[in-house]
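J.: Quick one, upload.txt (compact mmCIF, C-alpha atoms):
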# COMPACT_ATOMS: atom_id res chain seq x y z
CA MET A 1 -23.74 8.67 25.10
CA ASP A 2 -24.93 6.77 22.04
CA PHE A 3 -22.09 4.92 20.30
CA THR A 4 -24.31 3.43 17.59
CA PHE A 5 -22.49 3.79 14.29
CA THR A 6 -24.18 5.23 11.23
CA GLU A 7 -24.74 3.16 8.11
CA GLU A 8 -21.90 5.01 6.37
CA GLN A 9 -19.50 4.35 9.23
CA GLN A 10 -20.45 0.68 9.33
CA ALA A 11 -19.98 0.45 5.56
CA ALA A 12 -16.48 1.88 5.90
CA ALA A 13 -15.65 -0.69 8.58
CA GLU A 14 -16.97 -3.54 6.43
CA ALA A 15 -14.97 -2.34 3.44
CA ALA A 16 -11.88 -2.23 5.62
CA LYS A 17 -12.45 -5.77 6.85
CA GLY A 18 -12.52 -6.95 3.25
CA VAL A 19 -9.35 -5.11 2.27
CA PHE A 20 -7.36 -6.12 5.35
CA ALA A 21 -8.61 -9.71 5.44
CA GLY A 22 -5.68 -10.91 3.36
CA VAL A 23 -3.01 -9.02 5.31
CA ALA A 24 -0.63 -11.34 7.17
CA PRO A 25 1.21 -10.03 10.25
CA ASP A 26 4.31 -11.94 9.17
CA GLY A 27 4.42 -10.58 5.63
CA VAL A 28 7.94 -9.19 6.16
CA PRO A 29 11.00 -10.61 7.98
CA SER A 30 10.86 -10.64 11.75
CA PRO A 31 12.29 -7.53 13.46
CA ALA A 32 13.91 -9.92 15.95
CA LEU A 33 16.00 -11.47 13.15
CA THR A 34 16.63 -8.40 10.98
CA PRO A 35 19.50 -6.04 11.88
CA GLY A 36 18.09 -3.18 9.79
CA ALA A 37 14.67 -2.33 8.40
CA VAL A 38 12.33 -5.25 7.71
CA ALA A 39 11.41 -3.76 4.32
CA ASP A 40 12.37 -0.91 2.03
CA GLY A 41 8.97 0.76 2.17
CA PHE A 42 5.31 0.31 2.97
CA ASP A 43 2.95 -2.17 1.32
CA ARG A 44 2.23 -0.48 -2.03
CA ALA A 45 -0.12 -3.24 -3.21
CA LEU A 46 -2.26 -2.80 -0.11
CA TRP A 47 -2.17 0.97 -0.57
CA THR A 48 -3.60 0.52 -4.06
CA ARG A 49 -6.39 -1.70 -2.74
CA LEU A 50 -7.23 0.92 -0.10
CA ALA A 51 -7.45 3.57 -2.81
CA HIS A 52 -9.74 1.40 -4.97
CA ALA A 53 -11.98 0.82 -1.93
CA ASP A 54 -12.17 4.60 -1.36
CA LEU A 55 -10.64 4.22 2.10
CA LEU A 56 -7.93 6.84 1.52
CA SER A 57 -10.50 9.56 0.96
CA LEU A 58 -12.86 8.89 3.87
CA LEU A 59 -12.47 12.33 5.42
CA LEU A 60 -12.45 14.29 2.16
CA ASP A 61 -15.49 16.14 0.87
CA GLU A 62 -17.29 14.96 -2.24
CA GLU A 63 -15.79 17.76 -4.34
CA TYR A 64 -12.40 16.09 -3.84
CA GLY A 65 -13.71 12.60 -4.52
CA GLY A 66 -14.19 11.70 -0.86
CA ALA A 67 -16.96 10.26 1.26
CA GLY A 68 -17.24 13.21 3.63
CA LEU A 69 -17.07 11.01 6.73
CA ASP A 70 -15.61 11.78 10.12
CA ALA A 71 -12.97 10.75 12.65
CA ILE A 72 -15.16 7.90 13.90
CA ALA A 73 -15.18 6.28 10.45
CA LEU A 74 -11.41 6.69 10.17
CA CYS A 75 -10.89 5.09 13.59
CA LEU A 76 -13.09 2.14 12.61
CA VAL A 77 -10.89 1.56 9.57
CA LEU A 78 -7.66 2.00 11.56
CA ARG A 79 -8.92 -0.49 14.12
CA GLU A 80 -9.23 -3.10 11.36
CA SER A 81 -5.82 -2.25 9.92
CA ALA A 82 -4.10 -2.91 13.24
CA ARG A 83 -5.51 -6.42 13.55
CA GLY A 84 -3.19 -7.60 10.78
CA LEU A 85 -0.41 -5.06 11.39
CA ALA A 86 -1.02 -3.39 8.03
CA ARG A 87 2.14 -1.62 6.87
CA VAL A 88 0.65 1.52 5.32
CA PRO A 89 0.67 5.24 6.27
CA LEU A 90 -3.12 5.30 6.45
CA LEU A 91 -3.32 7.32 9.67
CA GLU A 92 -0.62 9.81 8.76
CA SER A 93 -1.82 10.48 5.21
CA SER A 94 -5.49 10.68 6.20
CA ALA A 95 -4.81 13.07 9.08
CA ALA A 96 -2.57 15.32 6.99
CA THR A 97 -5.06 15.59 4.12
CA ALA A 98 -7.88 16.27 6.59
CA ALA A 99 -5.87 19.15 8.06
CA VAL A 100 -5.24 20.58 4.60
CA GLN A 101 -8.95 20.38 3.83
CA ALA A 102 -9.97 21.99 7.12
CA TYR A 103 -7.36 24.75 7.27
CA GLY A 104 -5.46 24.99 3.97
CA GLY A 105 -5.88 27.52 1.20
CA ASP A 106 -7.94 26.87 -1.93
CA GLU A 107 -4.89 26.56 -4.17
CA LEU A 108 -3.32 23.95 -1.91
CA LYS A 109 -6.56 22.00 -1.63
CA THR A 110 -7.04 21.91 -5.39
CA ALA A 111 -3.47 20.78 -6.03
CA LEU A 112 -3.36 18.07 -3.39
CA LEU A 113 -6.56 16.62 -1.99
CA ALA A 114 -8.07 14.72 -4.91
CA ARG A 115 -4.72 13.14 -5.78
CA ALA A 116 -4.13 12.13 -2.17
CA GLY A 117 -7.60 10.57 -1.99
CA ARG A 118 -6.75 8.43 -5.04
CA GLY A 119 -3.50 7.31 -3.46
CA GLU A 120 -1.38 9.11 -6.05
CA VAL A 121 0.25 11.32 -3.42
CA VAL A 122 1.35 9.93 -0.06
CA LEU A 123 1.63 12.22 2.97
CA THR A 124 3.19 11.68 6.35
CA LEU A 125 3.62 13.75 9.50
CA ALA A 126 6.95 14.81 10.94
CA ALA A 127 5.62 15.15 14.46
CA HIS A 128 3.17 13.10 16.43
CA GLY A 129 3.06 15.48 19.41
CA ARG A 130 2.08 12.57 21.64
CA THR A 131 5.02 12.41 24.02
CA GLY A 132 3.40 14.57 26.66
CA HIS A 133 6.16 16.68 28.21
CA ASP A 134 7.95 17.61 24.96
CA PRO A 135 5.62 19.47 22.56
CA ALA A 136 6.47 18.40 19.02
CA GLU A 137 5.79 21.84 17.58
CA ARG A 138 8.74 23.26 19.54
CA ALA A 139 11.29 21.11 17.71
CA VAL A 140 11.26 23.24 14.54
CA THR A 141 11.23 27.02 14.19
CA ALA A 142 9.70 29.00 11.35
CA ARG A 143 10.17 32.59 10.27
CA GLN A 144 9.01 34.59 7.28
CA GLU A 145 11.65 36.01 4.97
CA ASP A 146 11.32 37.49 1.47
CA GLY A 147 7.83 36.10 0.95
CA THR A 148 8.68 32.54 2.03
CA TRP A 149 8.89 30.60 5.26
CA VAL A 150 12.30 29.47 6.52
CA LEU A 151 12.38 26.37 8.73
CA ASP A 152 15.18 25.16 11.02
CA GLY A 153 15.32 22.27 13.46
CA ALA A 154 14.80 18.52 13.55
CA GLN A 155 11.98 16.06 14.07
CA THR A 156 12.83 12.51 15.05
CA ALA A 157 11.20 9.13 14.36
CA VAL A 158 9.18 10.31 11.37
CA PRO A 159 7.21 7.33 9.94
CA TRP A 160 7.29 6.52 6.23
CA VAL A 161 9.33 9.66 5.51
CA TYR A 162 11.54 7.88 2.96
CA ASP A 163 8.46 6.90 0.93
CA ALA A 164 6.09 9.84 1.37
CA ASP A 165 5.82 12.46 -1.35
CA ILE A 166 5.05 15.21 1.16
CA THR A 167 5.85 15.56 4.85
CA LEU A 168 3.74 17.86 7.02
CA VAL A 169 5.84 19.55 9.70
CA PRO A 170 4.58 21.68 12.60
CA ALA A 171 6.86 24.62 13.36
CA HIS A 172 6.97 27.28 16.06
CA THR A 173 7.12 30.99 15.27
CA ALA A 174 8.51 33.90 17.24
CA ALA A 175 4.92 35.06 17.78
CA ASP A 176 4.23 31.85 19.73
CA ARG A 177 2.12 30.37 16.95
CA THR A 178 2.33 26.95 15.30
CA VAL A 179 2.25 26.69 11.52
CA LEU A 180 2.06 23.53 9.41
CA ALA A 181 4.50 23.31 6.50
CA LEU A 182 4.13 20.81 3.66
CA ILE A 183 7.58 19.81 2.46
CA PRO A 184 8.14 17.73 -0.72
CA ARG A 185 10.54 14.81 -0.64
CA GLY A 186 14.07 15.84 -1.60
CA HIS A 187 13.44 19.52 -0.91
CA ASP A 188 16.47 21.79 -0.57
CA GLY A 189 17.60 22.20 3.03
CA VAL A 190 16.13 18.86 4.14
CA VAL A 191 18.34 15.97 5.28
CA LEU A 192 17.19 12.51 6.42
CA ALA A 193 18.96 10.21 8.86
CA GLU A 194 17.76 6.61 9.08
CA GLN A 195 16.25 5.27 12.28
CA ILE A 196 14.68 1.86 12.98
CA SER A 197 11.50 1.40 15.01
CA THR A 198 10.87 -1.38 17.51
CA THR A 199 8.61 -2.82 14.80
CA GLY A 200 11.56 -3.03 12.41
CA GLU A 201 10.08 -0.33 10.19
CA ARG A 202 12.26 2.37 8.71
CA LEU A 203 11.85 5.77 10.35
CA GLY A 204 13.78 8.95 9.72
CA GLU A 205 15.11 11.95 11.55
CA LEU A 206 14.13 15.00 9.52
CA ARG A 207 16.71 17.77 9.74
CA LEU A 208 15.79 21.19 8.39
CA GLN A 209 18.56 23.64 7.61
CA SER A 210 17.16 26.98 6.40
CA ALA A 211 14.60 25.12 4.29
CA ARG A 212 12.53 27.63 2.32
CA ILE A 213 8.84 26.79 1.89
CA ALA A 214 6.45 28.75 -0.33
CA ASP A 215 3.70 30.61 1.48
CA ARG A 216 1.08 28.54 -0.37
CA ASP A 217 2.44 25.37 1.24
CA VAL A 218 2.25 26.65 4.83
CA ILE A 219 -0.94 26.53 6.89
CA ASP A 220 -1.09 29.41 9.33
CA ALA A 221 -4.48 29.14 10.97
CA ASP A 222 -5.60 29.24 14.58
CA GLY A 223 -6.24 25.79 16.01
CA ALA A 224 -4.93 23.86 13.00
CA TRP A 225 -2.12 22.09 14.83
CA GLU A 226 -4.21 21.34 17.91
CA TRP A 227 -6.98 19.83 15.78
CA LEU A 228 -4.49 17.76 13.78
CA ARG A 229 -2.71 16.59 16.92
CA ASP A 230 -5.98 15.42 18.49
CA LEU A 231 -7.00 13.57 15.33
CA LEU A 232 -3.61 11.90 15.00
CA THR A 233 -3.55 10.88 18.64
CA THR A 234 -7.09 9.49 18.56
CA GLY A 235 -6.19 7.50 15.45
CA THR A 236 -3.22 6.04 17.31
CA CYS A 237 -5.58 4.98 20.10
CA ALA A 238 -7.69 3.20 17.47
CA LEU A 239 -4.61 1.31 16.29
CA ALA A 240 -3.85 0.29 19.87
CA LEU A 241 -7.41 -0.94 20.34
CA GLY A 242 -7.42 -3.04 17.18
CA LEU A 243 -4.05 -4.56 18.01
CA GLY A 244 -5.09 -5.32 21.58
CA GLU A 245 -8.33 -6.99 20.50
CA GLN A 246 -6.47 -9.23 18.09
CA VAL A 247 -3.89 -10.17 20.73
CA LEU A 248 -6.60 -11.07 23.25
CA ARG A 249 -8.32 -13.16 20.58
CA MET A 250 -5.06 -15.02 19.91
CA THR A 251 -4.64 -15.58 23.65
CA SER A 252 -8.18 -16.92 23.99
CA GLU A 253 -7.69 -19.37 21.15
CA TYR A 254 -4.33 -20.55 22.47
CA THR A 255 -5.42 -21.06 26.09
CA GLY A 256 -8.60 -22.80 24.89
CA LYS A 257 -6.57 -25.43 23.03
CA ARG A 258 -3.41 -25.74 25.11
CA GLU A 259 -3.81 -28.35 27.84
CA GLN A 260 -2.01 -28.78 31.11
CA PHE A 261 -2.72 -31.53 33.65
CA GLY A 262 -5.39 -32.80 31.27
CA HIS A 263 -7.38 -29.54 31.12
CA PRO A 264 -7.33 -26.49 28.81
CA LEU A 265 -5.41 -23.56 30.25
CA ALA A 266 -8.49 -21.39 29.87
CA THR A 267 -10.29 -23.39 32.55
CA PHE A 268 -7.77 -22.40 35.21
CA GLN A 269 -9.02 -19.59 37.41
CA ALA A 270 -5.74 -17.65 37.35
CA VAL A 271 -5.73 -17.65 33.54
CA ALA A 272 -9.39 -16.68 33.26
CA VAL A 273 -8.99 -13.79 35.72
CA GLN A 274 -6.02 -12.35 33.85
CA ALA A 275 -7.84 -12.58 30.53
CA ALA A 276 -10.92 -10.95 32.05
CA ASP A 277 -8.84 -8.05 33.35
CA ARG A 278 -7.45 -7.47 29.87
CA TYR A 279 -10.96 -7.59 28.40
CA ILE A 280 -11.93 -4.81 30.80
CA ASP A 281 -8.89 -2.82 29.64
CA LEU A 282 -10.01 -3.15 26.03
CA ARG A 283 -13.56 -2.07 26.76
CA ALA A 284 -12.27 1.00 28.59
CA MET A 285 -9.95 1.74 25.66
CA GLU A 286 -12.91 1.43 23.30
CA ALA A 287 -15.28 3.66 25.30
CA THR A 288 -12.72 6.44 25.69
CA LEU A 289 -11.69 6.17 22.03
CA TRP A 290 -15.22 6.68 20.72
CA GLN A 291 -15.79 9.54 23.15
CA ALA A 292 -12.68 11.31 21.83
CA ALA A 293 -13.49 10.57 18.18
CA TRP A 294 -17.06 11.80 18.65
CA ARG A 295 -15.87 15.07 20.21
CA ILE A 296 -13.46 15.67 17.30
CA SER A 297 -16.14 14.80 14.74
CA SER A 298 -19.00 16.80 16.22
CA GLY A 299 -17.21 19.69 17.86
CA ALA A 300 -19.74 19.18 20.64
CA PRO A 301 -19.54 21.84 23.37
CA GLY A 302 -18.64 20.85 26.88
CA ALA A 303 -16.84 21.84 30.06
CA LEU A 304 -13.56 20.58 28.58
CA PRO A 305 -12.17 20.97 25.05
CA ALA A 306 -11.76 17.85 22.91
CA SER A 307 -8.17 17.55 24.12
CA GLY A 308 -9.54 16.47 27.50
CA ASP A 309 -11.28 13.44 26.01
CA VAL A 310 -8.21 12.74 23.89
CA ALA A 311 -6.01 12.78 27.01
CA VAL A 312 -8.27 10.21 28.69
CA ALA A 313 -8.18 8.00 25.59
CA LYS A 314 -4.38 8.28 25.51
CA ILE A 315 -4.08 7.24 29.15
CA TRP A 316 -6.11 4.09 28.61
CA ALA A 317 -4.54 3.22 25.25
CA ALA A 318 -0.92 3.61 26.36
CA GLU A 319 -1.41 1.60 29.55
CA GLY A 320 -3.98 -0.84 28.21
CA VAL A 321 -2.14 -2.04 25.11
CA ARG A 322 0.97 -2.69 27.20
CA ARG A 323 -0.93 -4.76 29.74
CA VAL A 324 -2.71 -6.76 27.03
CA VAL A 325 0.46 -7.84 25.26
CA GLN A 326 2.31 -8.54 28.50
CA THR A 327 -0.47 -10.80 29.69
CA ALA A 328 -0.57 -12.50 26.29
CA GLN A 329 3.17 -13.18 26.45
CA HIS A 330 2.79 -14.63 29.92
CA LEU A 331 -0.13 -16.90 29.06
CA HIS A 332 1.48 -18.10 25.82
CA GLY A 333 4.62 -19.18 27.64
CA GLY A 334 7.47 -19.97 25.26
CA PHE A 335 5.28 -19.49 22.20
CA GLY A 336 5.11 -15.78 22.97
CA ALA A 337 8.82 -15.40 22.20
CA ASP A 338 8.91 -17.80 19.23
CA VAL A 339 9.82 -15.82 16.11
CA ASP A 340 7.85 -18.32 14.02
CA TYR A 341 4.69 -17.32 15.91
CA PRO A 342 3.22 -13.85 15.22
CA LEU A 343 2.68 -12.75 18.84
CA HIS A 344 6.18 -11.27 19.14
CA ARG A 345 5.38 -8.97 16.22
CA TYR A 346 2.27 -7.68 17.98
CA HIS A 347 4.36 -7.08 21.09
CA ALA A 348 6.85 -4.99 19.07
CA TRP A 349 4.06 -2.96 17.44
CA ALA A 350 2.36 -2.45 20.82
CA LYS A 351 5.59 -1.11 22.28
CA HIS A 352 5.93 1.30 19.35
CA LEU A 353 2.37 2.55 19.89
CA GLU A 354 2.91 2.88 23.62
CA LEU A 355 6.06 4.94 23.07
CA SER A 356 4.29 7.05 20.44
CA LEU A 357 1.47 7.85 22.83
CA GLY A 358 3.87 8.68 25.62
CA PRO A 359 3.66 7.94 29.35
CA ALA A 360 0.25 7.98 30.99
CA ALA A 361 1.58 10.25 33.74
CA ALA A 362 2.20 13.02 31.21
CA HIS A 363 -1.38 12.80 29.95
CA GLU A 364 -2.73 12.76 33.50
CA GLU A 365 -0.78 15.95 34.17
CA ALA A 366 -2.19 17.55 31.01
CA LEU A 367 -5.69 16.46 32.00
CA GLY A 368 -5.18 17.99 35.43
CA ASP A 369 -4.17 21.28 33.83
CA LEU A 370 -7.31 21.20 31.68
CA LEU A 371 -9.53 20.53 34.68
CA ALA A 372 -7.90 23.39 36.57
CA ALA A 373 -8.46 25.75 33.63
CA HIS A 374 -12.04 24.56 33.05
CA PRO A 375 -13.56 23.77 36.49
CA LEU A 376 -16.59 21.50 36.30
CA GLY A 377 -19.97 22.63 37.54
Take the structure I supplied and represent it as structure tokens, if you would.
T.:
Amino acid sequence: MDFTFTEEQQAAAEAAKGVFAGVAPDGVPSPALTPGAVADGFDRALWTRLAHADLLSLLLDEEYGGAGLDAIALCLVLRESARGLARVPLLESSAATAAVQAYGGDELKTALLARAGRGEVVLTLAAHGRTGHDPAERAVTARQEDGTWVLDGAQTAVPWVYDADITLVPAHTAADRTVLALIPRGHDGVVLAEQISTTGERLGELRLQSARIADRDVIDADGAWEWLRDLLTTGTCALALGLGEQVLRMTSEYTGKREQFGHPLATFQAVAVQAADRYIDLRAMEATLWQAAWRISSGAPGALPASGDVAVAKIWAAEGVRRVVQTAQHLHGGFGADVDYPLHRYHAWAKHLELSLGPAAAHEEALGDLLAAHPLG
């Protein structure tokens, strides 16, 4: 495996570093002190800067004003965004537009993609499909009636749904297929119920009651949902990696300065061993992330489909990010729980990512099923 990044991928990462350099993790009230949402919506000023830096159109082809890059470039950018806890729907909007480009009809592409790449239209996803035992596509049903699609059901914990212009919803048909419906904000038959994340961000439960969607706005293509799910999950792993790296960096700086018995905490063997274990976690998270992103980007053949590599990345990300923040809290002592110190925010975001990815046991079960269906050798 050669994980050397191309010049274009490195350029995207450098551009992201510049845009996210000024993002402060405490730019909104602390979720520990706020009974409701920490803010009304996402960071619109940052969203505009991302658009000007062409980071919202990374995966789009040149004909839609994009750079024509791949999942690896997107993950590099997401990794940088997580270091400062950037409050933008970068993953959701990028993944949704990529799915439209890969599987949508020409009319839908023309109407949507260029505007989304410029940041004029914001998309989100009403299902992450990352909880393992409960497939997200089963939560909503879809049927065709009088030339339109009719959707019923509910998706919970939808990020940025109150601010997005369009929400992409996977739905299950009677023919055991999954379609992807693009639903505008305020559409008839759609009701939102407010939910609050562990991060303090505003989520929403999306309830669909005989919502009619035009055929043009529904993607009915083999493999579309599976491809989108893998991209979305791998992007979440990139967020977990970036967050974990920043937390370990904070821990290193703190234990290098904090003294006990006349010596820095970092010189104590017990502290050094714990930090080293978390470094190993992060390197495993990184290796499995790039393997999954490469498989999605290249479509490289192998004994297992890309979902196998994605499952391995999910296992490491869900477990690893939890261990990193727990160790950081322990080594920071009381500072880890101080609401005037940013570590507690990283802990809240890490818990949200861990819950989004789902339990490692579920992914291990899925990986076992894949191995059984595709025996090696």
J.: Between atom CA of A:Leu56 and atom CA of A:Gly18, what is the distance, to one decimal in Å?
T.: 14.6 Å
J.: Which one of A:Tyr279, A:Trp149, A:Phe5, A:Trp316 sits closest to A:Gln246 if you count all atoms listed in the file?
T.: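 Result for the nearest residue to A:Gln246: A:Tyr279.
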J.: Write out as an mmCIF file with C-alpha atoms, in the frame of the given file each polymer residue whose atoms come within 8 Å of A:Thr251, counting all atoms listed in the file; drop sequence neighbours fewer than 2 positions from it.
T.:
data_model
loop_
_atom_site.group_PDB
_atom_site.id
_atom_site.type_symbol
_atom_site.label_atom_id
_atom_site.label_comp_id
_atom_site.auth_asym_id
_atom_site.auth_seq_id
_atom_site.Cartn_x
_atom_site.Cartn_y
_atom_site.Cartn_z
ATOM 1 C CA VAL A 247 -3.890 -10.170 20.730
ATOM 2 C CA LEU A 248 -6.600 -11.070 23.250
ATOM 3 C CA ARG A 249 -8.320 -13.160 20.580
ATOM 4 C CA GLU A 253 -7.690 -19.370 21.150
ATOM 5 C CA TYR A 254 -4.330 -20.550 22.470
ATOM 6 C CA THR A 255 -5.420 -21.060 26.090
ATOM 7 C CA ALA A 328 -0.570 -12.500 26.290
ATOM 8 C CA LEU A 331 -0.130 -16.900 29.060
ATOM 9 C CA HIS A 332 1.480 -18.100 25.820
#
J.: Taking only C-alpha atoms into account, name the residue in A:Thr234, A:Gln274, A:Thr167, A:Gln155 that is nearest to A:Ala193.
T.: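 Checking each candidate against A:Ala193, we get A:Gln155 as the closest.
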J.: Restricting the calculation to all atoms listed in the file: of A:Asp215, A:Thr141, A:Leu90, A:Leu69, which residue gets closest to A:Thr6?
T.: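 The closest residue to A:Thr6 is A:Leu69.
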J.: Set out as JSON lines a contact list for stretch 47-147 of chain A and stretch 20-41 of chain A with a cut-off of 8 Å, giving each residue of stretch 47-147 of chain A that qualifies its closest atom pair and distance in Å to one decimal, counting only C-alpha atoms, ordered by chain and rising residue number.
T.:
{"residue": "A:Glu80", "atom": "CA", "partner": "A:Phe20", "partner_atom": "CA", "distance": 7.0}
{"residue": "A:Ser81", "atom": "CA", "partner": "A:Phe20", "partner_atom": "CA", "distance": 6.2}
{"residue": "A:Gly84", "atom": "CA", "partner": "A:Pro25", "partner_atom": "CA", "distance": 5.1}
{"residue": "A:Leu85", "atom": "CA", "partner": "A:Pro25", "partner_atom": "CA", "distance": 5.4}
{"residue": "A:Ala86", "atom": "CA", "partner": "A:Val23", "partner_atom": "CA", "distance": 6.6}
J.: Env of A:Ala175: 12 Å cut, atoms = all atoms listed in the file, seq-sep filter 6 positions within chain, self excluded. Answer as an MDAnalysis selection string.
T.: chainID A and resid 141:144 220
J.: Quick one: write out the picked residues with C-alpha atoms as a PDB file, in the coordinates of the input?
T.:
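Produced file part.pdb, reproduced below:
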ATOM      1  CA  THR A 141      11.230  27.020  14.190  1.00  0.00           C
ATOM      2  CA  ALA A 142       9.700  29.000  11.350  1.00  0.00           C
ATOM      3  CA  ARG A 143      10.170  32.590  10.270  1.00  0.00           C
ATOM      4  CA  GLN A 144       9.010  34.590   7.280  1.00  0.00           C
ATOM      5  CA  ASP A 220      -1.090  29.410   9.330  1.00  0.00           C
TER       6      ASP A 220
END
J.: As an exercise, work out the distance from atom CA of A:Ala240 to atom CA of A:Ser93 in Å and give it to one decimal place.
T.: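 Taking atom CA of A:Ala240 and atom CA of A:Ser93, their separation equals 18.0 Å.
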J.: Could you state the separation of atom CA of A:Arg118 and atom CA of A:His52 in Å, given to one decimal place?
T.: 7.6 Å
J.: My list of candidates is A:Ala293, A:Ala348, A:Ala73, A:Gly66. Which is closest to A:Glu8 when distances are computed with only C-alpha atoms?
T.: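 The answer is A:Ala73, which sits nearest to A:Glu8.
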J.: Find the residues near stretch 177-191 of chain A: any atom within 6 Å, counting all atoms listed in the file, skip ones fewer than 5 places away on the same chain, and give them as a list in words.
T.: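 Using all atoms listed in the file, the neighbours found are Asp165, Ile166, Thr167, Leu168, Val169, Pro170, Ala171, His172, Arg207, Leu208, Gln209, Ser210, Ala211, Asp217, Val218, Ile219 and Asp220 of chain A.
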J.: Give me, as a PDB file with C-alpha atoms, in the coordinates of the input, all polymer residues having an atom no more than 12 Å from A:Thr327, counting all atoms listed in the file and skipping those fewer than 5 positions away in the same chain.
T.:
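Saved file out.pdb follows:
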ATOM      1  CA  GLY A 244      -5.090  -5.320  21.580  1.00  0.00           C
ATOM      2  CA  VAL A 247      -3.890 -10.170  20.730  1.00  0.00           C
ATOM      3  CA  LEU A 248      -6.600 -11.070  23.250  1.00  0.00           C
ATOM      4  CA  MET A 250      -5.060 -15.020  19.910  1.00  0.00           C
ATOM      5  CA  THR A 251      -4.640 -15.580  23.650  1.00  0.00           C
ATOM      6  CA  SER A 252      -8.180 -16.920  23.990  1.00  0.00           C
ATOM      7  CA  THR A 255      -5.420 -21.060  26.090  1.00  0.00           C
ATOM      8  CA  ALA A 270      -5.740 -17.650  37.350  1.00  0.00           C
ATOM      9  CA  VAL A 271      -5.730 -17.650  33.540  1.00  0.00           C
ATOM     10  CA  ALA A 272      -9.390 -16.680  33.260  1.00  0.00           C
ATOM     11  CA  VAL A 273      -8.990 -13.790  35.720  1.00  0.00           C
ATOM     12  CA  GLN A 274      -6.020 -12.350  33.850  1.00  0.00           C
ATOM     13  CA  ALA A 275      -7.840 -12.580  30.530  1.00  0.00           C
ATOM     14  CA  ALA A 276     -10.920 -10.950  32.050  1.00  0.00           C
ATOM     15  CA  ASP A 277      -8.840  -8.050  33.350  1.00  0.00           C
ATOM     16  CA  ARG A 278      -7.450  -7.470  29.870  1.00  0.00           C
ATOM     17  CA  TYR A 279     -10.960  -7.590  28.400  1.00  0.00           C
ATOM     18  CA  ASP A 281      -8.890  -2.820  29.640  1.00  0.00           C
ATOM     19  CA  GLY A 320      -3.980  -0.840  28.210  1.00  0.00           C
ATOM     20  CA  VAL A 321      -2.140  -2.040  25.110  1.00  0.00           C
ATOM     21  CA  ARG A 322       0.970  -2.690  27.200  1.00  0.00           C
ATOM     22  CA  HIS A 332       1.480 -18.100  25.820  1.00  0.00           C
ATOM     23  CA  GLY A 333       4.620 -19.180  27.640  1.00  0.00           C
ATOM     24  CA  GLY A 336       5.110 -15.780  22.970  1.00  0.00           C
ATOM     25  CA  LEU A 343       2.680 -12.750  18.840  1.00  0.00           C
ATOM     26  CA  HIS A 347       4.360  -7.080  21.090  1.00  0.00           C
TER      27      HIS A 347
END
J.: Build an axis-aligned box that encloses every atom of stretch 39-52 of chain A listed in the file, pad it by 3 Å on each side, and report its centre and edge lengths in Å to one decimal, as AutoDock Vina command-line options.
T.:
--center_x 1.3 --center_y -0.1 --center_z -0.3 --size_x 28.1 --size_y 13.3 --size_z 15.3
J.: Using only C-alpha atoms, find the one residue out of A:Gly200, A:Pro359, A:Gly117, A:Pro89 that sits nearest to A:Leu60.
T.: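 The answer is A:Gly117, which sits nearest to A:Leu60.
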J.: Please extract stretch 289-319 of chain A and write it out with C-alpha atoms, as a PDB file, in the first residue's frame.
T.:
ATOM      1  CA  LEU A 289      -9.074   5.289   7.109  1.00  0.00           C
ATOM      2  CA  TRP A 290      -6.810   5.716   4.084  1.00  0.00           C
ATOM      3  CA  GLN A 291      -7.345   2.096   3.083  1.00  0.00           C
ATOM      4  CA  ALA A 292     -11.119   2.629   3.077  1.00  0.00           C
ATOM      5  CA  ALA A 293     -10.905   5.998   1.312  1.00  0.00           C
ATOM      6  CA  TRP A 294      -8.586   4.539  -1.327  1.00  0.00           C
ATOM      7  CA  ARG A 295     -10.964   1.639  -2.013  1.00  0.00           C
ATOM      8  CA  ILE A 296     -13.901   4.044  -2.427  1.00  0.00           C
ATOM      9  CA  SER A 297     -11.863   6.357  -4.659  1.00  0.00           C
ATOM     10  CA  SER A 298     -10.297   3.728  -6.902  1.00  0.00           C
ATOM     11  CA  GLY A 299     -12.930   1.019  -6.951  1.00  0.00           C
ATOM     12  CA  ALA A 300      -9.972  -1.345  -6.725  1.00  0.00           C
ATOM     13  CA  PRO A 301     -10.945  -5.018  -7.007  1.00  0.00           C
ATOM     14  CA  GLY A 302     -10.326  -7.341  -4.123  1.00  0.00           C
ATOM     15  CA  ALA A 303     -11.588 -10.334  -2.181  1.00  0.00           C
ATOM     16  CA  LEU A 304     -13.888  -8.047  -0.179  1.00  0.00           C
ATOM     17  CA  PRO A 305     -16.041  -5.127  -1.348  1.00  0.00           C
ATOM     18  CA  ALA A 306     -15.171  -1.630  -0.125  1.00  0.00           C
ATOM     19  CA  SER A 307     -17.623  -2.074   2.743  1.00  0.00           C
ATOM     20  CA  GLY A 308     -15.151  -4.511   4.307  1.00  0.00           C
ATOM     21  CA  ASP A 309     -12.440  -1.852   4.546  1.00  0.00           C
ATOM     22  CA  VAL A 310     -15.031   0.654   5.742  1.00  0.00           C
ATOM     23  CA  ALA A 311     -16.103  -1.741   8.515  1.00  0.00           C
ATOM     24  CA  VAL A 312     -12.495  -2.058   9.711  1.00  0.00           C
ATOM     25  CA  ALA A 313     -12.080   1.728   9.689  1.00  0.00           C
ATOM     26  CA  LYS A 314     -15.325   2.084  11.664  1.00  0.00           C
ATOM     27  CA  ILE A 315     -14.160  -0.395  14.300  1.00  0.00           C
ATOM     28  CA  TRP A 316     -10.930   1.496  14.911  1.00  0.00           C
ATOM     29  CA  ALA A 317     -12.508   4.958  14.743  1.00  0.00           C
ATOM     30  CA  ALA A 318     -15.384   4.232  17.136  1.00  0.00           C
ATOM     31  CA  GLU A 319     -13.162   2.553  19.717  1.00  0.00           C
TER      32      GLU A 319
END
